[in-house]
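Engineer: Pasting input-v9.txt below, which is compact mmCIF, C-alpha atoms (C1' of nucleotides).
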# COMPACT_ATOMS: atom_id res chain seq x y z
CA MET A 17 -125.59 35.00 111.22
CA ALA A 18 -124.28 38.52 111.79
CA ASP A 19 -123.60 41.23 109.24
CA GLU A 20 -119.90 40.61 109.85
CA HIS A 21 -120.25 37.13 108.43
CA VAL A 22 -121.84 38.31 105.22
CA ALA A 23 -119.34 41.15 104.91
CA ALA A 24 -116.43 38.76 105.40
CA TRP A 25 -117.80 36.48 102.68
CA VAL A 26 -118.25 39.36 100.24
CA ARG A 27 -114.71 40.53 100.88
CA LEU A 28 -113.40 37.01 100.54
CA VAL A 29 -114.82 36.78 97.05
CA ARG A 30 -113.64 40.21 96.04
CA ALA A 31 -110.14 39.75 97.39
CA ARG A 32 -109.72 36.39 95.70
CA ASP A 33 -111.09 37.66 92.40
CA ARG A 34 -108.95 40.75 92.39
CA VAL A 35 -105.71 39.03 93.25
CA MET A 36 -106.44 36.13 90.89
CA GLN A 37 -107.25 38.45 88.01
CA ARG A 38 -103.98 40.26 88.50
CA ILE A 39 -101.95 37.10 88.71
CA GLU A 40 -103.58 35.72 85.56
CA ALA A 41 -103.06 39.02 83.77
CA ASP A 42 -99.36 39.00 84.66
CA LEU A 43 -98.95 35.41 83.50
CA LYS A 44 -100.68 36.16 80.23
CA LYS A 45 -98.62 39.26 79.69
CA ALA A 46 -95.51 37.13 80.12
CA GLY A 47 -96.82 34.68 77.54
CA LEU A 48 -97.36 31.95 80.13
CA PRO A 49 -100.29 29.57 80.69
CA PRO A 50 -102.93 29.97 83.41
CA LEU A 51 -102.19 29.46 87.08
CA ALA A 52 -103.95 26.07 87.11
CA TRP A 53 -101.10 24.71 85.00
CA TYR A 54 -98.65 25.85 87.63
CA ASP A 55 -100.69 24.24 90.38
CA VAL A 56 -100.70 20.89 88.58
CA LEU A 57 -96.98 21.08 87.95
CA LEU A 58 -96.29 22.04 91.55
CA GLU A 59 -98.30 19.11 92.88
CA LEU A 60 -96.51 16.77 90.53
CA SER A 61 -93.12 18.10 91.58
CA ARG A 62 -93.92 17.26 95.19
CA THR A 63 -94.27 13.55 94.66
CA ASP A 64 -91.92 11.04 93.15
CA GLY A 65 -93.50 8.85 90.53
CA GLY A 66 -96.36 11.13 89.61
CA LEU A 67 -99.94 11.38 90.78
CA ARG A 68 -103.29 9.93 89.86
CA PRO A 69 -105.72 12.35 88.22
CA TYR A 70 -108.33 11.82 90.91
CA ARG A 71 -105.79 12.89 93.53
CA LEU A 72 -105.05 16.07 91.60
CA GLN A 73 -108.76 16.79 91.28
CA ALA A 74 -109.29 16.45 95.00
CA GLU A 75 -106.26 18.58 95.77
CA MET A 76 -107.33 21.34 93.40
CA LEU A 77 -111.08 21.19 94.12
CA MET A 78 -111.69 20.67 90.43
CA PRO A 79 -114.36 18.48 88.86
CA GLN A 80 -113.20 15.26 87.26
CA TYR A 81 -114.06 16.16 83.67
CA ASN A 82 -112.29 19.43 84.09
CA MET A 83 -109.07 17.84 85.24
CA SER A 84 -109.33 15.34 82.43
CA ARG A 85 -109.36 18.14 79.90
CA LEU A 86 -106.75 20.24 81.65
CA LEU A 87 -104.43 17.24 81.46
CA ASP A 88 -105.35 16.81 77.79
CA ARG A 89 -104.15 20.33 77.10
CA MET A 90 -101.04 20.03 79.22
CA GLU A 91 -100.16 16.72 77.63
CA LYS A 92 -100.70 18.08 74.14
CA SER A 93 -98.39 20.95 75.03
CA GLY A 94 -95.76 18.49 76.24
CA TYR A 95 -95.70 19.44 79.92
CA VAL A 96 -97.06 16.19 81.35
CA VAL A 97 -97.40 12.57 80.31
CA ARG A 98 -100.09 10.11 81.32
CA ARG A 99 -99.06 6.51 81.69
CA THR A 100 -101.11 3.54 82.69
CA THR A 101 -100.22 1.42 85.63
CA ALA A 102 -100.59 -2.33 86.14
CA GLU A 103 -101.61 -1.62 89.72
CA ASP A 104 -105.02 -0.26 88.75
CA ARG A 105 -105.77 -0.54 85.10
CA ARG A 106 -108.68 1.89 85.23
CA GLY A 107 -106.37 4.66 86.21
CA GLN A 108 -103.30 6.52 85.19
CA ILE A 109 -100.23 8.15 86.58
CA VAL A 110 -99.55 11.71 85.54
CA GLU A 111 -95.98 12.93 85.55
CA ALA A 112 -94.37 16.23 84.65
CA THR A 113 -91.93 16.18 81.76
CA GLY A 114 -88.67 18.08 81.67
CA ALA A 115 -90.50 20.83 79.84
CA GLY A 116 -93.12 20.74 82.57
CA HIS A 117 -90.58 21.28 85.31
CA ALA A 118 -88.98 24.02 83.27
CA LEU A 119 -92.35 25.72 82.81
CA ARG A 120 -93.01 25.61 86.53
CA LYS A 121 -89.67 27.26 87.19
CA LYS A 122 -90.39 29.88 84.58
CA MET A 123 -93.84 30.68 85.95
CA TRP A 124 -92.83 31.05 89.56
CA PRO A 125 -91.03 34.41 89.31
CA VAL A 126 -94.04 35.95 87.62
CA TYR A 127 -96.45 34.41 90.10
CA ARG A 128 -94.21 35.35 92.98
CA ALA A 129 -93.91 38.96 91.90
CA ALA A 130 -97.68 39.25 91.68
CA LEU A 131 -98.06 37.76 95.15
CA GLU A 132 -95.48 40.17 96.52
CA ARG A 133 -97.36 43.08 95.10
CA GLU A 134 -100.88 41.95 95.90
CA VAL A 135 -100.44 40.13 99.18
CA ALA A 136 -97.07 40.50 100.83
CA ASN A 137 -96.94 44.27 100.45
CA ARG A 138 -100.35 44.59 102.02
CA LEU A 139 -100.14 42.29 105.02
CA SER A 140 -97.48 41.93 107.68
CA GLN A 141 -96.24 38.45 108.36
CA ARG A 142 -98.31 38.42 111.51
CA GLU A 143 -101.42 39.53 109.64
CA ALA A 144 -100.89 36.88 106.98
CA ALA A 145 -100.62 34.22 109.67
CA MET A 146 -103.84 35.46 111.24
CA LEU A 147 -105.60 35.50 107.89
CA GLY A 148 -104.47 31.97 107.13
CA GLU A 149 -105.70 30.84 110.51
CA LEU A 150 -109.16 32.32 110.00
CA LEU A 151 -109.48 31.02 106.45
CA GLY A 152 -108.50 27.58 107.65
CA LYS A 153 -111.65 27.50 109.76
CA LEU A 154 -113.70 27.71 106.59
CA THR A 155 -112.22 24.59 105.06
CA ASP A 156 -111.40 22.41 108.02
CA ASP A 157 -113.85 19.58 108.18
CA PRO A 158 -116.54 20.11 110.79
CA MET B 28 -92.48 37.59 101.18
CA ALA B 29 -92.85 35.07 103.98
CA ASP B 30 -94.28 31.57 103.84
CA GLU B 31 -97.26 32.92 105.74
CA HIS B 32 -98.14 35.13 102.81
CA VAL B 33 -98.16 32.29 100.34
CA ALA B 34 -100.05 30.07 102.75
CA ALA B 35 -102.68 32.76 103.30
CA TRP B 36 -103.13 33.13 99.55
CA VAL B 37 -103.52 29.41 99.03
CA ARG B 38 -106.09 29.23 101.77
CA LEU B 39 -107.89 32.25 100.39
CA VAL B 40 -108.39 30.49 97.09
CA ARG B 41 -109.40 27.21 98.65
CA ALA B 42 -111.84 28.78 101.07
CA ARG B 43 -113.51 30.84 98.39
CA ASP B 44 -113.72 27.92 95.99
CA ARG B 45 -115.13 25.57 98.56
CA VAL B 46 -117.77 27.94 99.87
CA MET B 47 -118.70 29.11 96.37
CA GLN B 48 -119.06 25.58 95.07
CA ARG B 49 -121.39 24.73 97.90
CA ILE B 50 -123.49 27.83 97.46
CA GLU B 51 -123.80 27.19 93.73
CA ALA B 52 -124.64 23.54 94.34
CA ASP B 53 -127.40 24.51 96.74
CA LEU B 54 -128.83 27.04 94.31
CA LYS B 55 -128.78 24.53 91.49
CA LYS B 56 -130.39 21.89 93.67
CA ALA B 57 -133.17 24.36 94.42
CA GLY B 58 -133.65 24.99 90.69
CA LEU B 59 -132.33 28.54 90.93
CA PRO B 60 -129.87 30.44 88.72
CA PRO B 61 -126.23 31.10 89.62
CA LEU B 62 -125.17 33.50 92.35
CA ALA B 63 -124.12 36.14 89.82
CA TRP B 64 -127.79 36.66 89.00
CA TYR B 65 -128.47 37.35 92.65
CA ASP B 66 -125.62 39.81 92.79
CA VAL B 67 -126.96 41.74 89.84
CA LEU B 68 -130.45 41.80 91.27
CA LEU B 69 -129.16 42.89 94.67
CA GLU B 70 -127.20 45.76 93.18
CA LEU B 71 -130.22 46.84 91.17
CA SER B 72 -132.44 46.72 94.25
CA ARG B 73 -130.12 49.12 96.02
CA THR B 74 -130.62 51.98 93.60
CA ASP B 75 -133.71 53.69 92.39
CA GLY B 76 -133.95 54.01 88.67
CA GLY B 77 -131.58 51.20 87.77
CA LEU B 78 -127.91 51.08 86.99
CA ARG B 79 -125.65 51.38 83.99
CA PRO B 80 -124.01 48.14 82.84
CA TYR B 81 -120.53 49.59 83.25
CA ARG B 82 -121.29 50.33 86.88
CA LEU B 83 -122.42 46.77 87.45
CA GLN B 84 -119.26 45.48 85.79
CA ALA B 85 -117.05 47.54 88.02
CA GLU B 86 -118.99 46.55 91.11
CA MET B 87 -118.82 42.85 90.29
CA LEU B 88 -115.26 42.80 88.92
CA MET B 89 -116.60 41.33 85.73
CA PRO B 90 -115.37 42.03 82.21
CA GLN B 91 -117.60 44.11 80.01
CA TYR B 92 -118.47 41.42 77.48
CA ASN B 93 -119.33 39.08 80.30
CA MET B 94 -121.78 41.49 81.86
CA SER B 95 -123.26 42.18 78.46
CA ARG B 96 -124.07 38.52 78.04
CA LEU B 97 -125.18 37.98 81.61
CA LEU B 98 -127.68 40.79 81.09
CA ASP B 99 -128.73 39.17 77.80
CA ARG B 100 -129.60 35.99 79.65
CA MET B 101 -131.30 37.74 82.53
CA GLU B 102 -133.29 39.87 80.15
CA LYS B 103 -134.33 36.89 78.07
CA SER B 104 -135.49 35.21 81.28
CA GLY B 105 -137.50 38.29 82.17
CA TYR B 106 -135.66 39.34 85.32
CA VAL B 107 -134.24 42.63 84.05
CA VAL B 108 -134.97 45.15 81.32
CA ARG B 109 -132.53 47.38 79.50
CA ARG B 110 -133.74 50.77 78.48
CA THR B 111 -131.91 53.52 76.70
CA THR B 112 -131.53 56.95 78.15
CA ALA B 113 -131.49 60.34 76.47
CA GLU B 114 -128.79 61.40 78.89
CA ASP B 115 -126.10 59.29 77.23
CA ARG B 116 -127.24 57.62 74.08
CA ARG B 117 -124.35 55.17 74.00
CA GLY B 118 -125.50 53.64 77.20
CA GLN B 119 -128.40 51.97 78.92
CA ILE B 120 -130.12 51.68 82.21
CA VAL B 121 -130.72 48.23 83.59
CA GLU B 122 -133.61 47.67 85.94
CA ALA B 123 -134.98 44.64 87.74
CA THR B 124 -138.50 43.58 86.81
CA GLY B 125 -141.08 42.36 89.29
CA ALA B 126 -140.00 38.84 88.47
CA GLY B 127 -136.43 39.92 89.12
CA HIS B 128 -137.23 41.20 92.57
CA ALA B 129 -139.20 38.04 93.26
CA LEU B 130 -136.28 35.90 92.16
CA ARG B 131 -133.92 37.76 94.45
CA LYS B 132 -136.25 37.14 97.37
CA LYS B 133 -136.50 33.50 96.45
CA MET B 134 -132.74 33.03 96.17
CA TRP B 135 -131.83 34.67 99.44
CA PRO B 136 -133.02 31.94 101.82
CA VAL B 137 -131.01 29.34 99.93
CA TYR B 138 -127.96 31.59 99.78
CA ARG B 139 -128.35 32.52 103.40
CA ALA B 140 -128.62 28.93 104.57
CA ALA B 141 -125.42 28.07 102.74
CA LEU B 142 -123.64 31.04 104.30
CA GLU B 143 -124.86 30.04 107.73
CA ARG B 144 -123.51 26.57 107.27
CA GLU B 145 -120.24 27.45 105.56
CA VAL B 146 -119.31 30.73 107.23
CA ALA B 147 -121.37 31.71 110.23
CA ASN B 148 -121.13 28.32 111.91
CA ARG B 149 -117.39 28.35 111.56
CA LEU B 150 -116.44 31.85 112.65
CA SER B 151 -117.51 33.88 115.65
CA GLN B 152 -118.75 37.38 115.00
CA ARG B 153 -115.43 38.69 116.24
CA GLU B 154 -113.50 36.36 113.95
CA ALA B 155 -115.62 37.35 110.97
CA ALA B 156 -114.93 41.01 111.71
CA MET B 157 -111.21 40.31 111.89
CA LEU B 158 -111.31 38.34 108.66
CA GLY B 159 -113.16 41.12 106.88
CA GLU B 160 -110.62 43.61 108.15
CA LEU B 161 -107.67 41.60 106.86
CA LEU B 162 -109.29 40.88 103.51
CA GLY B 163 -110.02 44.55 103.11
CA LYS B 164 -106.31 45.23 103.08
CA LEU B 165 -106.03 43.17 99.92
CA THR B 166 -108.49 45.27 97.96
CA ASP B 167 -108.07 48.73 99.37
CA ASP B 168 -106.30 50.86 96.87
CA PRO B 169 -102.60 51.30 97.63
C1' DT C 25 -115.40 74.25 65.66
C1' DC C 26 -114.07 69.82 64.56
C1' DA C 27 -110.84 66.16 64.33
C1' DA C 28 -108.60 62.95 67.47
C1' DT C 29 -109.41 60.18 71.36
C1' DA C 30 -112.17 57.96 74.95
C1' DT C 31 -116.23 55.62 76.54
C1' DT C 32 -120.12 52.42 76.30
C1' DG C 33 -121.88 48.30 74.83
C1' DA C 34 -122.40 44.25 71.39
C1' DT C 35 -120.70 40.29 68.84
C1' DG C 36 -118.04 36.50 65.91
C1' DC C 37 -115.11 33.10 66.96
C1' DA C 38 -112.20 30.09 69.64
C1' DG C 39 -111.45 27.94 73.86
C1' DA C 40 -113.05 26.37 78.57
C1' DT C 41 -116.58 24.54 81.67
C1' DG C 42 -120.75 21.99 83.21
C1' DC C 43 -123.83 18.07 82.67
C1' DA C 44 -124.98 13.64 81.64
C1' DT C 45 -123.53 9.47 80.22
C1' DT C 46 -120.34 5.80 78.93
C1' DA C 47 -116.58 2.33 79.17
C1' DA C 48 -113.42 -0.10 81.77
C1' DT C 49 -111.94 -1.95 85.90
C1' DC C 50 -111.99 -2.89 90.80
C1' DT C 51 -114.25 -4.25 95.40
C1' DG C 52 -117.18 -6.37 98.45
C1' DT C 53 -120.29 -9.90 99.50
C1' DA C 54 -123.28 -13.88 99.03
C1' DT D 7 -116.69 -17.64 92.00
C1' DA D 8 -119.86 -14.32 90.29
C1' DC D 9 -122.50 -10.47 90.37
C1' DA D 10 -124.01 -5.83 92.12
C1' DG D 11 -122.22 -1.67 93.04
C1' DA D 12 -118.32 1.60 93.36
C1' DT D 13 -114.38 3.90 91.27
C1' DT D 14 -111.63 5.97 87.59
C1' DA D 15 -111.39 8.47 83.50
C1' DA D 16 -113.23 10.12 78.85
C1' DT D 17 -116.50 12.44 75.83
C1' DG D 18 -120.76 14.62 73.10
C1' DC D 19 -123.26 18.46 73.61
C1' DA D 20 -124.80 22.80 75.40
C1' DT D 21 -123.45 26.88 77.76
C1' DC D 22 -120.23 30.25 79.32
C1' DT D 23 -115.94 32.92 78.98
C1' DG D 24 -112.03 35.36 76.78
C1' DC D 25 -110.23 37.96 72.98
C1' DA D 26 -110.40 41.01 69.46
C1' DT D 27 -112.95 44.14 67.18
C1' DC D 28 -116.78 47.02 65.82
C1' DA D 29 -120.43 50.66 65.98
C1' DA D 30 -122.27 54.47 68.16
C1' DT D 31 -121.84 58.32 70.91
C1' DA D 32 -119.37 61.54 74.05
C1' DT D 33 -115.35 64.32 75.39
C1' DT D 34 -111.15 66.82 74.78
C1' DG D 35 -108.12 70.03 73.03
C1' DA D 36 -105.77 72.60 69.20
What is this structure when it is put down as structure tokens?
Structural biologist:
Amino acid sequence: MADEHVAAWVRLVRARDRVMQRIEADLKKAGLPPLAWYDVLLELSRTDGGLRPYRLQAEMLMPQYNMSRLLDRMEKSGYVVRRTTAEDRRGQIVEATGAGHALRKKMWPVYRAALEREVANRLSQREAAMLGELLGKLTDDP
Amino acid sequence: MADEHVAAWVRLVRARDRVMQRIEADLKKAGLPPLAWYDVLLELSRTDGGLRPYRLQAEMLMPQYNMSRLLDRMEKSGYVVRRTTAEDRRGQIVEATGAGHALRKKMWPVYRAALEREVANRLSQREAAMLGELLGKLTDDP
DNA sequence: TCAATATTGATGCAGATGCATTAATCTGTA
DNA sequence: TACAGATTAATGCATCTGCATCAATATTGA
């Protein structure tokens, strides 16, 4: 392992933390919920008929108990509903409500503006493509 | 903002989360404290005479109250001491104890092995340098 | 000088996360 | 079929984090 590897890792953490903190700060300032709520709503909007919680967990790299409680909060706030399915009676199907879709559409401009400022203004399209390529190597399965 | 920018951001988060989760899992499995403790101890080892909490906060992108409590825990566990200074009587100097330095040395092999596996095995030295370069653009001040 | 403001750090309280375990159901196999 | 083991999701409890605020000291500027 070379110094470059350690340096890249340190910068990876710092860059993620900095950008994430700024996005979250912008969302909060706009009176909106955390980014994780957006991520759930975005995933749900991509599939017809909702998603199983365990699929959301896997997609978002989030532990099971954490997703369970995130969905509790989102359901209590009226942005998603959980319904059982005859198909597998252990599980559930999570769907976004109308309010959920509306929230997603309301969060995006704030999120987008933060990404413009923190990412798009700092990297050319070519650089972003390169960065995505390199980062992909860290998550692709061996 | 191009799709590449959004994709790079998404991958940035996923890569960081995945690698971090694995590092933390390895540390826990080895009966060691979280990585943040290592970071504090590493910073302290780099300066003679300790560091002020507000410097540590800034270095680690951590809110003030969070650092205050992290230092509480580390102090209670005997890895750091806080001493006051006549120089600025609002503030403190944090120093690693012998046990703190020992802990840092004990954590590094576990941390290093995880970094080997998750980063160094997946990126060439040249790629790591490129990645560090690109990530730097996200944190350099405008 | 000295009052107004800024800096440094701690803390009460609410909310979120991690850990271990549980309940319910499904799957695979003898 | 029936039972052992796997999967899916929830939850009690402890810990950690975020927010607001406070106390103490330092700095600034009229």
Engineer: Residues at most 12 Å from Glu143 of chain A, counting all atoms listed in the file, excluding those fewer than 2 positions away in the same chain, as a PyMOL selection string?
Structural biologist: (chain A and resi 135-141+145-150) or (chain B and resi 29+31-32+34-35+157-158+160-165)
Engineer: Any idea what the distance is between atom C1' of DA47 of chain C and atom CA of Arg106 of chain A?
Structural biologist: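 Rounded to one decimal, the two atoms are 10.0 Å apart.
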Engineer: Using only C-alpha atoms, can you tell me which of B:Met87, B:Leu142, B:Ala155, B:Ala123 comes closest to Asp75 of chain B?
Structural biologist: B:Ala123
Engineer: Residues at most 10 Å from DT35 of chain C, counting all atoms listed in the file, excluding those fewer than 6 positions away in the same chain, as a PyMOL selection string?
Structural biologist: (chain B and resi 92+96) or (chain D and resi 27-28)
Engineer: Produce a table with one row for each residue of chain A that has an atom at most 8 Å from any atom of chain C, each row naming the nearest atom pair and its distance in Å at one decimal; use all atoms listed in the file; arrange rows by chain and rising residue number; format as CSV.
Structural biologist:
residue,atom,partner,partner_atom,distance
A:Asn82,CA,C:DT41,C1',7.1
A:Asp104,CA,C:DT49,C1',7.7
A:Arg105,CA,C:DT49,C1',6.4
A:Arg106,CA,C:DT49,C1',5.1
Engineer: For chain A versus chain D, which residues have an atom no more than 12 Å away, and what is each residue's nearest atom pair and distance in Å rounded to one decimal, using only C-alpha atoms (C1' of nucleotides), chain-then-number order, as a Markdown table?
Structural biologist:
| residue | atom | partner | partner_atom | distance |
| --- | --- | --- | --- | --- |
| A:Ala41 | CA | D:DG24 | C1' | 11.9 |
| A:Lys44 | CA | D:DG24 | C1' | 11.9 |
| A:Arg68 | CA | D:DT14 | C1' | 9.5 |
| A:Pro69 | CA | D:DA15 | C1' | 8.3 |
| A:Tyr70 | CA | D:DT14 | C1' | 7.5 |
| A:Arg71 | CA | D:DT14 | C1' | 10.8 |
| A:Gln73 | CA | D:DA15 | C1' | 11.7 |
| A:Pro79 | CA | D:DA15 | C1' | 11.7 |
| A:Gln80 | CA | D:DA15 | C1' | 8.0 |
| A:Tyr81 | CA | D:DA16 | C1' | 7.8 |
| A:Asn82 | CA | D:DA16 | C1' | 10.7 |
| A:Met83 | CA | D:DA15 | C1' | 9.8 |
| A:Ser84 | CA | D:DA15 | C1' | 7.3 |
| A:Arg85 | CA | D:DA16 | C1' | 9.0 |
| A:Leu87 | CA | D:DA15 | C1' | 11.4 |
| A:Asp88 | CA | D:DA16 | C1' | 10.4 |
| A:Arg98 | CA | D:DA15 | C1' | 11.6 |
| A:Thr100 | CA | D:DA15 | C1' | 11.4 |
| A:Asp104 | CA | D:DT14 | C1' | 9.2 |
| A:Arg105 | CA | D:DT14 | C1' | 9.1 |
| A:Arg106 | CA | D:DT14 | C1' | 5.6 |
| A:Gly107 | CA | D:DT14 | C1' | 5.6 |
| A:Gln108 | CA | D:DA15 | C1' | 8.5 |
| A:Ile109 | CA | D:DA15 | C1' | 11.6 |
Engineer: Ranking A:Val26, A:Val110, A:Met36, A:Met17 by minimum distance to Val56 of chain A and counting all atoms listed in the file, which one comes first?
Structural biologist: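 So, comparing all the options, the nearest one is A:Val110.
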Engineer: Which residue out of B:Leu71, B:Arg144, B:Leu130, B:Leu97 has the minimum interatomic distance to chain A when all atoms listed in the file are used?
Structural biologist: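 Ranked by minimum distance to chain A, first place goes to B:Arg144.
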Engineer: Find the distance between atom CA of Arg41 of chain B and atom CA of Val137 of chain B and write it in Å to one decimal.
Structural biologist: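 That distance, rounded to one decimal, is 21.8 Å.
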Engineer: Nearest to chain A: which of B:Glu102, B:Thr166, B:Leu69, B:Trp135 is it, counting all atoms listed in the file?
Structural biologist: B:Thr166
Engineer: To one decimal place, how far is atom CA of Val29 of chain A from atom CA of Leu83 of chain B in Å?
Structural biologist: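 Those two atoms sit 15.8 Å apart.
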Engineer: Which residues are near Leu43 of chain A? Cut-off 12 Å, only C-alpha atoms (C1' of nucleotides), ignore same chain within fewer than 2 positions. Put them as a ChimeraX atom specification.
Structural biologist: /A:36-41,45-54,119-120,122-131
Engineer: Based on the selection just made, write C-alpha atoms of those residues as a PDB file, in the coordinates of the input.
Structural biologist:
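That gives us result16.pdb:
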ATOM      1  CA  MET A  36    -106.440  36.130  90.890  1.00  0.00           C
ATOM      2  CA  GLN A  37    -107.250  38.450  88.010  1.00  0.00           C
ATOM      3  CA  ARG A  38    -103.980  40.260  88.500  1.00  0.00           C
ATOM      4  CA  ILE A  39    -101.950  37.100  88.710  1.00  0.00           C
ATOM      5  CA  GLU A  40    -103.580  35.720  85.560  1.00  0.00           C
ATOM      6  CA  ALA A  41    -103.060  39.020  83.770  1.00  0.00           C
ATOM      7  CA  LYS A  45     -98.620  39.260  79.690  1.00  0.00           C
ATOM      8  CA  ALA A  46     -95.510  37.130  80.120  1.00  0.00           C
ATOM      9  CA  GLY A  47     -96.820  34.680  77.540  1.00  0.00           C
ATOM     10  CA  LEU A  48     -97.360  31.950  80.130  1.00  0.00           C
ATOM     11  CA  PRO A  49    -100.290  29.570  80.690  1.00  0.00           C
ATOM     12  CA  PRO A  50    -102.930  29.970  83.410  1.00  0.00           C
ATOM     13  CA  LEU A  51    -102.190  29.460  87.080  1.00  0.00           C
ATOM     14  CA  ALA A  52    -103.950  26.070  87.110  1.00  0.00           C
ATOM     15  CA  TRP A  53    -101.100  24.710  85.000  1.00  0.00           C
ATOM     16  CA  TYR A  54     -98.650  25.850  87.630  1.00  0.00           C
ATOM     17  CA  LEU A 119     -92.350  25.720  82.810  1.00  0.00           C
ATOM     18  CA  ARG A 120     -93.010  25.610  86.530  1.00  0.00           C
ATOM     19  CA  LYS A 122     -90.390  29.880  84.580  1.00  0.00           C
ATOM     20  CA  MET A 123     -93.840  30.680  85.950  1.00  0.00           C
ATOM     21  CA  TRP A 124     -92.830  31.050  89.560  1.00  0.00           C
ATOM     22  CA  PRO A 125     -91.030  34.410  89.310  1.00  0.00           C
ATOM     23  CA  VAL A 126     -94.040  35.950  87.620  1.00  0.00           C
ATOM     24  CA  TYR A 127     -96.450  34.410  90.100  1.00  0.00           C
ATOM     25  CA  ARG A 128     -94.210  35.350  92.980  1.00  0.00           C
ATOM     26  CA  ALA A 129     -93.910  38.960  91.900  1.00  0.00           C
ATOM     27  CA  ALA A 130     -97.680  39.250  91.680  1.00  0.00           C
ATOM     28  CA  LEU A 131     -98.060  37.760  95.150  1.00  0.00           C
TER      29      LEU A 131
END
